[in-house]
>>> print(open('data_5.txt').read())   # compact mmCIF, C-alpha atoms
# COMPACT_ATOMS: atom_id res chain seq x y z
CA MET A 1 19.67 138.74 60.73
CA GLN A 2 19.14 142.19 62.25
CA SER A 3 18.93 145.18 59.93
CA ILE A 4 20.31 148.59 60.87
CA ASP A 5 17.30 150.24 59.21
CA LYS A 6 14.86 148.38 61.44
CA PHE A 7 16.83 148.75 64.66
CA ASN A 8 15.96 151.61 67.02
CA PHE A 9 19.10 152.88 68.75
CA ALA A 10 17.24 155.26 71.11
CA GLY A 11 18.87 155.18 74.54
CA LYS A 12 21.38 152.53 73.43
CA LYS A 13 25.14 152.56 73.16
CA ALA A 14 26.46 151.08 69.93
CA PHE A 15 30.01 149.85 69.36
CA VAL A 16 30.66 150.61 65.70
CA ARG A 17 33.70 149.08 64.01
CA VAL A 18 34.67 151.38 61.16
CA ASP A 19 37.63 151.48 58.82
CA PHE A 20 39.22 154.88 59.36
CA ASN A 21 42.58 153.67 58.09
CA VAL A 22 43.03 156.80 55.99
CA PRO A 23 46.25 158.11 54.42
CA LEU A 24 48.03 160.96 56.23
CA ASP A 25 50.79 163.24 55.03
CA ASP A 26 53.92 164.04 57.07
CA LYS A 27 51.97 166.73 58.97
CA PHE A 28 49.14 164.31 59.80
CA ASN A 29 46.71 165.88 57.36
CA ILE A 30 44.23 163.45 55.81
CA THR A 31 44.89 163.18 52.08
CA ASP A 32 41.81 161.07 51.28
CA ASP A 33 38.82 160.91 53.62
CA THR A 34 36.71 158.52 51.49
CA ARG A 35 36.60 155.85 54.18
CA ILE A 36 35.43 158.28 56.85
CA ARG A 37 32.70 159.67 54.62
CA ALA A 38 31.59 156.14 53.77
CA ALA A 39 30.80 155.42 57.44
CA LEU A 40 28.85 158.64 58.07
CA PRO A 41 25.36 157.28 57.19
CA THR A 42 25.71 154.54 59.81
CA LEU A 43 27.02 156.86 62.53
CA LYS A 44 24.39 159.52 61.78
CA LYS A 45 21.56 156.97 61.86
CA ILE A 46 22.53 155.89 65.39
CA LEU A 47 22.89 159.46 66.66
CA SER A 48 19.65 160.65 65.06
CA ASP A 49 17.80 157.74 66.68
CA GLY A 50 18.95 159.05 70.05
CA GLY A 51 21.70 156.50 70.53
CA SER A 52 25.38 157.05 71.33
CA VAL A 53 28.33 155.65 69.40
CA ILE A 54 31.63 154.17 70.50
CA ILE A 55 33.80 154.24 67.39
CA GLY A 56 36.54 151.65 67.04
CA SER A 57 39.11 151.58 64.24
CA HIS A 58 42.72 150.87 63.39
CA LEU A 59 45.21 153.11 61.59
CA GLY A 60 48.24 151.68 59.85
CA ARG A 61 50.18 148.68 61.09
CA PRO A 62 51.67 149.69 64.44
CA LYS A 63 53.92 147.33 66.37
CA GLY A 64 52.74 148.78 69.68
CA VAL A 65 51.85 152.32 70.72
CA GLU A 66 53.18 154.63 67.99
CA GLU A 67 52.38 158.34 67.95
CA LYS A 68 52.19 158.54 64.16
CA TYR A 69 49.35 156.00 64.16
CA SER A 70 47.24 157.69 66.82
CA LEU A 71 43.62 158.26 65.84
CA LYS A 72 43.74 161.65 67.58
CA HIS A 73 45.17 162.96 64.29
CA ILE A 74 41.82 162.41 62.57
CA LEU A 75 39.55 163.43 65.47
CA ALA A 76 38.91 167.00 64.32
CA HIS A 77 37.99 165.91 60.81
CA VAL A 78 35.69 163.15 62.04
CA SER A 79 33.95 165.71 64.27
CA GLU A 80 33.59 168.13 61.37
CA LEU A 81 32.10 165.53 59.03
CA LEU A 82 29.82 164.05 61.67
CA GLY A 83 28.60 167.48 62.73
CA THR A 84 29.25 166.94 66.43
CA ASP A 85 32.20 167.20 68.81
CA VAL A 86 33.48 163.65 68.99
CA GLN A 87 35.14 162.81 72.29
CA PHE A 88 38.43 160.90 72.37
CA ALA A 89 39.73 158.13 74.62
CA ASN A 90 43.52 157.80 74.92
CA ASP A 91 43.16 154.01 74.87
CA CYS A 92 40.54 151.48 73.85
CA VAL A 93 40.52 149.49 77.09
CA GLY A 94 41.15 150.35 80.72
CA GLU A 95 39.44 152.17 83.57
CA GLY A 96 39.65 155.60 81.94
CA VAL A 97 37.90 154.33 78.81
CA ALA A 98 35.17 152.65 80.85
CA VAL A 99 34.50 155.94 82.67
CA LYS A 100 34.18 157.85 79.37
CA VAL A 101 31.87 155.20 77.94
CA SER A 102 29.70 155.21 81.05
CA ALA A 103 29.30 158.98 80.88
CA LEU A 104 28.34 158.93 77.20
CA GLN A 105 24.92 160.48 76.63
CA PRO A 106 22.39 159.95 73.79
CA GLY A 107 23.52 161.80 70.68
CA GLU A 108 27.19 161.74 71.72
CA ALA A 109 30.13 160.00 70.07
CA LEU A 110 33.41 158.66 71.43
CA LEU A 111 36.40 157.70 69.29
CA LEU A 112 38.65 155.07 70.86
CA GLU A 113 42.41 155.04 70.36
CA ASN A 114 43.89 152.75 67.69
CA LEU A 115 42.74 149.18 68.40
CA ARG A 116 45.96 147.77 66.95
CA PHE A 117 48.05 149.41 69.66
CA HIS A 118 47.15 146.19 71.51
CA GLU A 119 48.41 142.90 70.13
CA GLU A 120 45.14 141.32 71.26
CA GLU A 121 43.32 143.04 68.38
CA GLU A 122 45.08 141.11 65.62
CA GLY A 123 45.95 138.11 67.75
CA LYS A 124 49.59 138.05 66.63
CA PRO A 125 52.23 137.75 69.37
CA ARG A 126 54.74 140.60 69.51
CA GLY A 127 58.16 140.67 71.05
CA LEU A 128 58.99 136.99 70.56
CA ALA A 129 62.71 136.33 70.53
CA GLU A 130 64.10 135.52 67.10
CA ASP A 131 65.42 132.24 68.42
CA ALA A 132 62.14 131.28 70.10
CA THR A 133 61.39 127.58 69.81
CA ASP A 134 58.28 126.23 68.14
CA GLU A 135 57.01 125.26 71.58
CA GLU A 136 57.52 128.81 72.89
CA LYS A 137 55.74 130.26 69.84
CA LYS A 138 52.84 127.86 70.33
CA ALA A 139 52.54 128.76 74.01
CA ALA A 140 52.63 132.49 73.21
CA LYS A 141 49.88 132.13 70.63
CA ALA A 142 47.71 130.10 73.01
CA ALA A 143 48.11 132.67 75.80
CA LEU A 144 47.37 135.52 73.40
CA LYS A 145 44.25 133.78 72.14
CA VAL A 146 42.84 133.80 75.68
CA ARG A 147 43.71 137.48 76.12
CA GLN A 148 42.22 138.29 72.72
CA LYS A 149 38.86 136.88 73.81
CA GLU A 150 38.99 138.97 76.99
CA PHE A 151 39.94 142.03 74.95
CA ALA A 152 36.91 141.50 72.69
CA LYS A 153 34.70 140.92 75.73
CA THR A 154 35.83 144.25 77.21
CA LEU A 155 35.04 146.10 73.97
CA ALA A 156 31.64 144.42 73.86
CA SER A 157 30.92 145.41 77.46
CA TYR A 158 30.82 149.07 76.46
CA ALA A 159 27.72 148.68 74.32
CA ASP A 160 24.18 147.36 74.01
CA CYS A 161 24.68 146.46 70.36
CA TYR A 162 27.43 145.90 67.80
CA VAL A 163 27.59 147.33 64.27
CA ASN A 164 30.27 146.25 61.82
CA ASP A 165 30.74 148.83 59.07
CA ALA A 166 34.36 147.99 58.24
CA PHE A 167 34.31 145.90 55.07
CA GLY A 168 37.99 146.66 54.53
CA THR A 169 38.86 144.48 57.53
CA ALA A 170 36.08 141.89 57.14
CA HIS A 171 38.59 139.29 55.96
CA ARG A 172 40.44 139.44 59.28
CA ALA A 173 39.29 137.42 62.30
CA HIS A 174 40.33 140.20 64.67
CA ALA A 175 38.92 140.95 68.11
CA SER A 176 36.85 143.92 66.96
CA THR A 177 35.74 142.51 63.60
CA ALA A 178 34.70 138.95 64.43
CA ILE A 179 35.27 137.82 68.02
CA ILE A 180 33.36 140.74 69.57
CA ALA A 181 30.19 139.61 67.75
CA GLU A 182 30.10 136.47 69.89
CA PHE A 183 29.05 138.59 72.86
CA PHE A 184 25.87 139.88 71.19
CA ASP A 185 22.76 137.92 70.27
CA THR A 186 21.36 137.92 66.74
CA ASP A 187 19.03 140.84 67.45
CA HIS A 188 21.83 143.09 68.69
CA LYS A 189 24.53 142.71 66.03
CA MET A 190 24.27 143.93 62.46
CA PHE A 191 26.01 145.35 59.41
CA GLY A 192 26.29 149.10 58.97
CA TYR A 193 25.05 150.70 55.75
CA LEU A 194 28.45 150.48 54.07
CA MET A 195 28.86 146.79 54.92
CA GLU A 196 25.36 146.07 53.68
CA LYS A 197 26.14 147.71 50.33
CA GLU A 198 29.48 145.91 50.01
CA VAL A 199 27.97 142.49 50.78
CA LYS A 200 25.09 143.05 48.33
CA ALA A 201 27.47 144.24 45.60
CA VAL A 202 29.71 141.18 45.96
CA ASP A 203 26.70 138.85 46.08
CA LYS A 204 25.31 140.41 42.92
CA VAL A 205 28.57 139.90 41.04
CA MET A 206 29.34 136.42 42.35
CA SER A 207 25.88 134.89 42.81
CA ASP A 208 23.13 136.96 41.16
CA ILE A 209 24.77 137.10 37.74
CA VAL A 210 23.16 138.63 34.66
CA ARG A 211 25.05 137.45 31.59
CA PRO A 212 27.31 138.06 29.80
CA PHE A 213 29.62 138.40 32.83
CA THR A 214 33.04 139.95 32.18
CA ALA A 215 35.88 140.22 34.67
CA ILE A 216 38.87 142.48 34.02
CA MET A 217 41.85 141.39 36.09
CA GLY A 218 44.97 143.51 36.16
CA GLY A 219 48.01 143.63 38.39
CA SER A 220 51.69 142.94 38.05
CA LYS A 221 51.80 139.29 39.12
CA VAL A 222 49.79 136.21 38.18
CA SER A 223 50.78 134.63 41.50
CA THR A 224 48.87 137.21 43.56
CA LYS A 225 45.66 136.75 41.54
CA ILE A 226 45.69 133.01 40.84
CA ASP A 227 43.05 132.05 43.42
CA ILE A 228 40.76 134.82 42.19
CA ILE A 229 41.23 133.82 38.55
CA GLU A 230 40.59 130.15 39.40
CA ASN A 231 37.28 131.03 41.05
CA LEU A 232 36.25 133.46 38.32
CA LEU A 233 36.79 130.81 35.65
CA THR A 234 33.84 128.95 37.18
CA LYS A 235 31.58 132.01 36.87
CA VAL A 236 32.48 134.40 34.05
CA ASP A 237 31.80 134.34 30.32
CA ASN A 238 34.74 136.61 29.50
CA LEU A 239 38.02 137.11 31.32
CA ILE A 240 40.23 140.03 30.33
CA ILE A 241 43.75 139.74 31.68
CA THR A 242 45.73 142.95 31.59
CA GLY A 243 48.44 144.86 33.45
CA GLY A 244 51.89 143.53 34.15
CA MET A 245 50.81 139.91 34.43
CA THR A 246 49.98 139.95 30.71
CA TYR A 247 53.65 139.54 29.86
CA THR A 248 53.92 136.27 31.77
CA PHE A 249 51.13 134.91 29.55
CA THR A 250 52.70 136.33 26.40
CA LYS A 251 56.10 134.80 27.16
CA ALA A 252 54.51 131.47 28.09
CA ARG A 253 52.95 131.38 24.63
CA GLY A 254 56.28 132.03 22.94
CA GLY A 255 56.06 135.78 22.48
CA LYS A 256 58.84 138.34 22.83
CA ILE A 257 58.36 140.69 25.81
CA GLY A 258 61.66 142.61 25.91
CA LYS A 259 62.37 143.95 29.41
CA SER A 260 58.73 143.78 30.51
CA ILE A 261 57.87 142.50 33.97
CA CYS A 262 57.49 138.71 34.01
CA GLU A 263 57.28 135.83 36.48
CA ASP A 264 59.47 133.24 34.78
CA ASP A 265 58.55 130.61 37.36
CA LYS A 266 54.83 131.02 36.56
CA LEU A 267 54.88 130.32 32.83
CA ASP A 268 53.34 126.86 33.27
CA LEU A 269 50.71 128.37 35.56
CA ALA A 270 49.78 130.88 32.86
CA LEU A 271 49.39 128.11 30.28
CA ASP A 272 47.29 126.13 32.76
CA ILE A 273 44.93 129.10 33.13
CA VAL A 274 44.61 129.34 29.33
CA LYS A 275 43.79 125.62 29.18
CA LYS A 276 41.20 125.84 31.97
CA ALA A 277 39.53 128.78 30.27
CA GLU A 278 39.19 126.74 27.08
CA GLU A 279 37.80 123.75 28.99
CA ARG A 280 35.17 125.92 30.67
CA ASN A 281 34.24 127.83 27.51
CA VAL A 282 35.44 131.10 29.01
CA LYS A 283 36.69 133.57 26.42
CA LEU A 284 40.13 134.73 27.54
CA TYR A 285 41.32 138.09 26.23
CA LEU A 286 44.92 139.33 26.26
CA ALA A 287 46.48 142.41 24.70
CA ILE A 288 47.15 142.32 20.96
CA ASP A 289 49.24 145.50 20.95
CA ASP A 290 51.15 147.45 23.58
CA LYS A 291 52.52 150.88 24.28
CA VAL A 292 56.16 150.27 25.10
CA ALA A 293 58.88 152.49 26.52
CA ASP A 294 62.68 152.43 26.61
CA ALA A 295 62.69 153.31 30.33
CA PHE A 296 60.35 153.18 33.32
CA SER A 297 59.59 156.88 33.14
CA ASN A 298 56.74 159.13 32.10
CA ASP A 299 59.22 160.95 29.84
CA ALA A 300 60.60 157.83 28.17
CA ASN A 301 60.56 157.29 24.41
CA THR A 302 57.45 155.32 23.42
CA LYS A 303 55.94 153.46 20.48
CA PHE A 304 53.20 150.94 19.75
CA VAL A 305 54.10 147.37 18.86
CA LYS A 306 52.40 144.00 18.61
CA ALA A 307 52.02 142.48 22.09
CA ASP A 308 54.24 139.50 21.26
CA GLU A 309 56.93 141.48 19.45
CA ILE A 310 58.35 143.84 22.07
CA PRO A 311 61.97 144.76 21.20
CA ASP A 312 64.74 143.57 23.54
CA GLU A 313 65.49 146.90 25.24
CA TRP A 314 61.89 148.02 25.57
CA MET A 315 59.19 147.28 28.14
CA GLY A 316 55.41 147.12 28.03
CA MET A 317 53.82 150.00 29.99
CA ASP A 318 50.23 150.10 28.72
CA ILE A 319 47.88 148.47 26.25
CA GLY A 320 47.73 149.80 22.69
CA PRO A 321 44.81 151.29 20.69
CA GLU A 322 43.77 148.02 19.05
CA THR A 323 43.60 146.32 22.44
CA GLU A 324 41.59 149.23 23.81
CA LYS A 325 39.00 148.68 21.07
CA LEU A 326 38.98 144.91 21.68
CA PHE A 327 38.52 145.21 25.45
CA ALA A 328 35.96 148.02 25.16
CA GLY A 329 33.86 145.96 22.75
CA VAL A 330 33.75 143.02 25.18
CA ILE A 331 32.95 145.26 28.15
CA LYS A 332 30.17 147.19 26.39
CA SER A 333 28.40 143.96 25.44
CA SER A 334 28.39 142.76 29.08
CA LYS A 335 25.64 142.91 31.70
CA THR A 336 27.77 142.14 34.78
CA ILE A 337 31.27 143.61 35.08
CA LEU A 338 34.01 143.23 37.67
CA TRP A 339 37.18 145.33 37.43
CA ASN A 340 40.22 144.70 39.58
CA GLY A 341 43.54 146.07 38.42
CA PRO A 342 44.68 148.71 35.87
CA ALA A 343 45.82 148.09 32.31
CA GLY A 344 49.14 149.87 32.64
CA VAL A 345 51.27 152.14 34.77
CA PHE A 346 48.32 154.51 35.14
CA GLU A 347 50.10 156.66 37.75
CA MET A 348 52.13 158.05 34.84
CA ASP A 349 49.89 160.07 32.55
CA ASN A 350 51.58 158.79 29.40
CA PHE A 351 50.58 155.25 30.33
CA SER A 352 47.09 155.83 31.72
CA HIS A 353 45.21 155.77 28.41
CA GLY A 354 44.45 152.05 28.48
CA SER A 355 43.05 152.14 31.99
CA ARG A 356 40.97 155.18 31.08
CA ALA A 357 39.58 153.35 28.04
CA ILE A 358 38.53 150.45 30.26
CA ALA A 359 36.95 152.80 32.80
CA GLU A 360 35.03 154.67 30.09
CA ALA A 361 33.79 151.41 28.57
CA ILE A 362 32.57 150.24 31.98
CA ALA A 363 30.81 153.57 32.52
CA GLU A 364 29.11 153.27 29.13
CA ALA A 365 28.01 149.69 29.79
CA THR A 366 26.65 150.75 33.18
CA LYS A 367 24.67 153.54 31.54
CA ASP A 368 23.16 150.89 29.26
CA GLY A 369 22.00 148.80 32.21
CA ALA A 370 24.97 146.64 33.25
CA PHE A 371 25.92 146.15 36.90
CA SER A 372 29.55 147.12 37.45
CA LEU A 373 31.71 146.58 40.52
CA VAL A 374 35.11 148.24 40.75
CA GLY A 375 37.40 147.19 43.57
CA GLY A 376 41.00 146.90 44.67
CA GLY A 377 43.19 149.86 45.53
CA ASP A 378 44.60 150.60 42.06
CA SER A 379 41.26 150.20 40.28
CA VAL A 380 39.60 152.56 42.74
CA ALA A 381 42.45 155.04 42.27
CA CYS A 382 41.92 154.75 38.50
CA ILE A 383 38.18 155.34 38.57
CA ASN A 384 38.68 158.32 40.88
CA LYS A 385 41.53 159.74 38.79
CA PHE A 386 39.35 159.66 35.69
CA GLY A 387 36.36 161.17 37.51
CA LEU A 388 34.10 158.21 36.73
CA ALA A 389 33.34 156.83 40.20
CA ASP A 390 29.74 158.00 39.97
CA LYS A 391 29.32 156.39 36.54
CA VAL A 392 29.71 152.79 37.73
CA SER A 393 27.31 150.77 39.90
CA TYR A 394 29.56 150.35 42.92
CA VAL A 395 33.10 151.20 44.01
CA SER A 396 34.26 148.92 46.80
CA THR A 397 36.16 150.28 49.81
CA GLY A 398 37.63 146.87 50.53
CA GLY A 399 40.98 145.84 49.09
CA GLY A 400 42.00 142.49 50.54
CA ALA A 401 38.47 141.83 51.75
CA LEU A 402 37.02 142.20 48.27
CA LEU A 403 39.72 140.00 46.74
CA GLU A 404 39.09 137.22 49.25
CA ALA A 405 35.34 137.49 48.66
CA ILE A 406 35.95 137.13 44.91
CA GLU A 407 38.10 134.09 45.65
CA GLY A 408 34.98 132.58 47.15
CA LYS A 409 36.10 132.72 50.77
CA LYS A 410 33.67 133.38 53.62
CA LEU A 411 34.90 136.49 55.38
CA PRO A 412 35.10 136.21 59.22
CA GLY A 413 33.68 139.71 59.78
CA ILE A 414 30.62 138.83 57.70
CA ALA A 415 30.16 135.32 59.04
CA ALA A 416 30.23 136.62 62.63
CA ILE A 417 27.17 138.80 61.96
CA GLU A 418 25.25 136.30 59.84
CA LYS A 419 25.45 133.37 62.24
>>> encode(input="data_5.txt", output="structure tokens")
Amino acid sequence: MQSIDKFNFAGKKAFVRVDFNVPLDDKFNITDDTRIRAALPTLKKILSDGGSVIIGSHLGRPKGVEEKYSLKHILAHVSELLGTDVQFANDCVGEGVAVKVSALQPGEALLLENLRFHEEEEGKPRGLAEDATDEEKKAAKAALKVRQKEFAKTLASYADCYVNDAFGTAHRAHASTAIIAEFFDTDHKMFGYLMEKEVKAVDKVMSDIVRPFTAIMGGSKVSTKIDIIENLLTKVDNLIITGGMTYTFTKARGGKIGKSICEDDKLDLALDIVKKAEERNVKLYLAIDDKVADAFSNDANTKFVKADEIPDEWMGMDIGPETEKLFAGVIKSSKTILWNGPAGVFEMDNFSHGSRAIAEAIAEATKDGAFSLVGGGDSVACINKFGLADKVSYVSTGGGALLEAIEGKKLPGIAAIEK
């Protein structure tokens, strides 16, 4: 497989798929440019070699051409960070784009308009009538599949080589993340620096394990994490389950959870996970005490109670001090750590203490030599909120992509480069 470090981009045009799907406020100001900064090493390497870059990305989930999702809103900031005036194409395909690409000189960069303005990017038919028959839907999908290949071929025609640096979309078999790679031989397609780091981090956690291995899984629903938990039970030594899904486990085991969030139709599933953990000698940890509130508010009345004795009109909002000590002890004794999901409603300061305790324990374990991977939107927000991002081994930029990788799935965007 080709390596970006070993490839000389001098005189070559590179199509670079990045993930510039950054949050914007109502005045189109970028509120978090982490994803743009993450792609800079790859873009700068190509330009410094004397190559030129055609930057492709999506923004949001448009249903066609939508002004609010135009990448022109981020152009000035990309130019500022990259240290060069990035040109802009008002589309990503068409004669005008081809002319701009053809005129691109070594050391220059061109940002294409939002790839998802075209349905061919995602390969999902738009505009189908609500009463469309199954046959009509099938025909529309088949026709779109042909157009999607042509769309990818057009994007590929702009460049001499393809670089995928968008781990956040690696789990999607889209035109610009997977299909485009078919038009480049092995020597002319590669991961960018960010993708390389993401792939190595996931491999280290899932394949190159130093034990004890502890996974901390949070989130509100067991149902959204079941495939991940199932796969982790075949790999970890310790599994800490926290966040809102804890209460489904607590209720399944006969505990009182008051008005706490719970999936009543997943109680048997929770018990099944407990049973599988026992069968596989995985130590499963749940909260032993909780910080509860009488309303879903930062200003609500609060108190600490045993995790299985939450009063009827109260709800669990965070883990308690005894649980913090329990979880921290497990984490600090670990050599491989994966964190996905907060311990409580961390967005509210009064219920962020548990998540902070977990983050600090991970930071301490990392300092002592453990490898720690933090991923998933809320976990990343936590580690950033607490100012500890530089105290863990790796913070993943991929949300859904990381979760599917942890599930054990082969991601299309990765497979397309490796084959």
>>> closest_residue(input="data_5.txt", among="A:Asn384, A:Ser333, A:Ser396, A:Asn29", to="Thr366 of chain A", atoms="all atoms listed in the file")
A:Ser333
>>> closest_residue(input="data_5.txt", among="A:Thr302, A:Gln105, A:Thr34, A:Ser48", to="Asn21 of chain A", atoms="only C-alpha atoms")
A:Thr34
>>> residues_around(input="data_5.txt", residues="segment 140-143 of chain A", least_positions_apart="3", cutoff="10 Å", atoms="only C-alpha atoms", output="ChimeraX atom specification")
/A:123-126,128,134-137,146-148
>>> atom_distance(input="data_5.txt", atom1="atom CA of Ser57 of chain A", atom2="atom CA of Lys153 of chain A")
16.3 Å
>>> closest_residue(input="data_5.txt", among="A:Ile319, A:Leu40, A:Leu233, A:Ile414", to="Ala401 of chain A", atoms="all atoms listed in the file")
A:Ile414
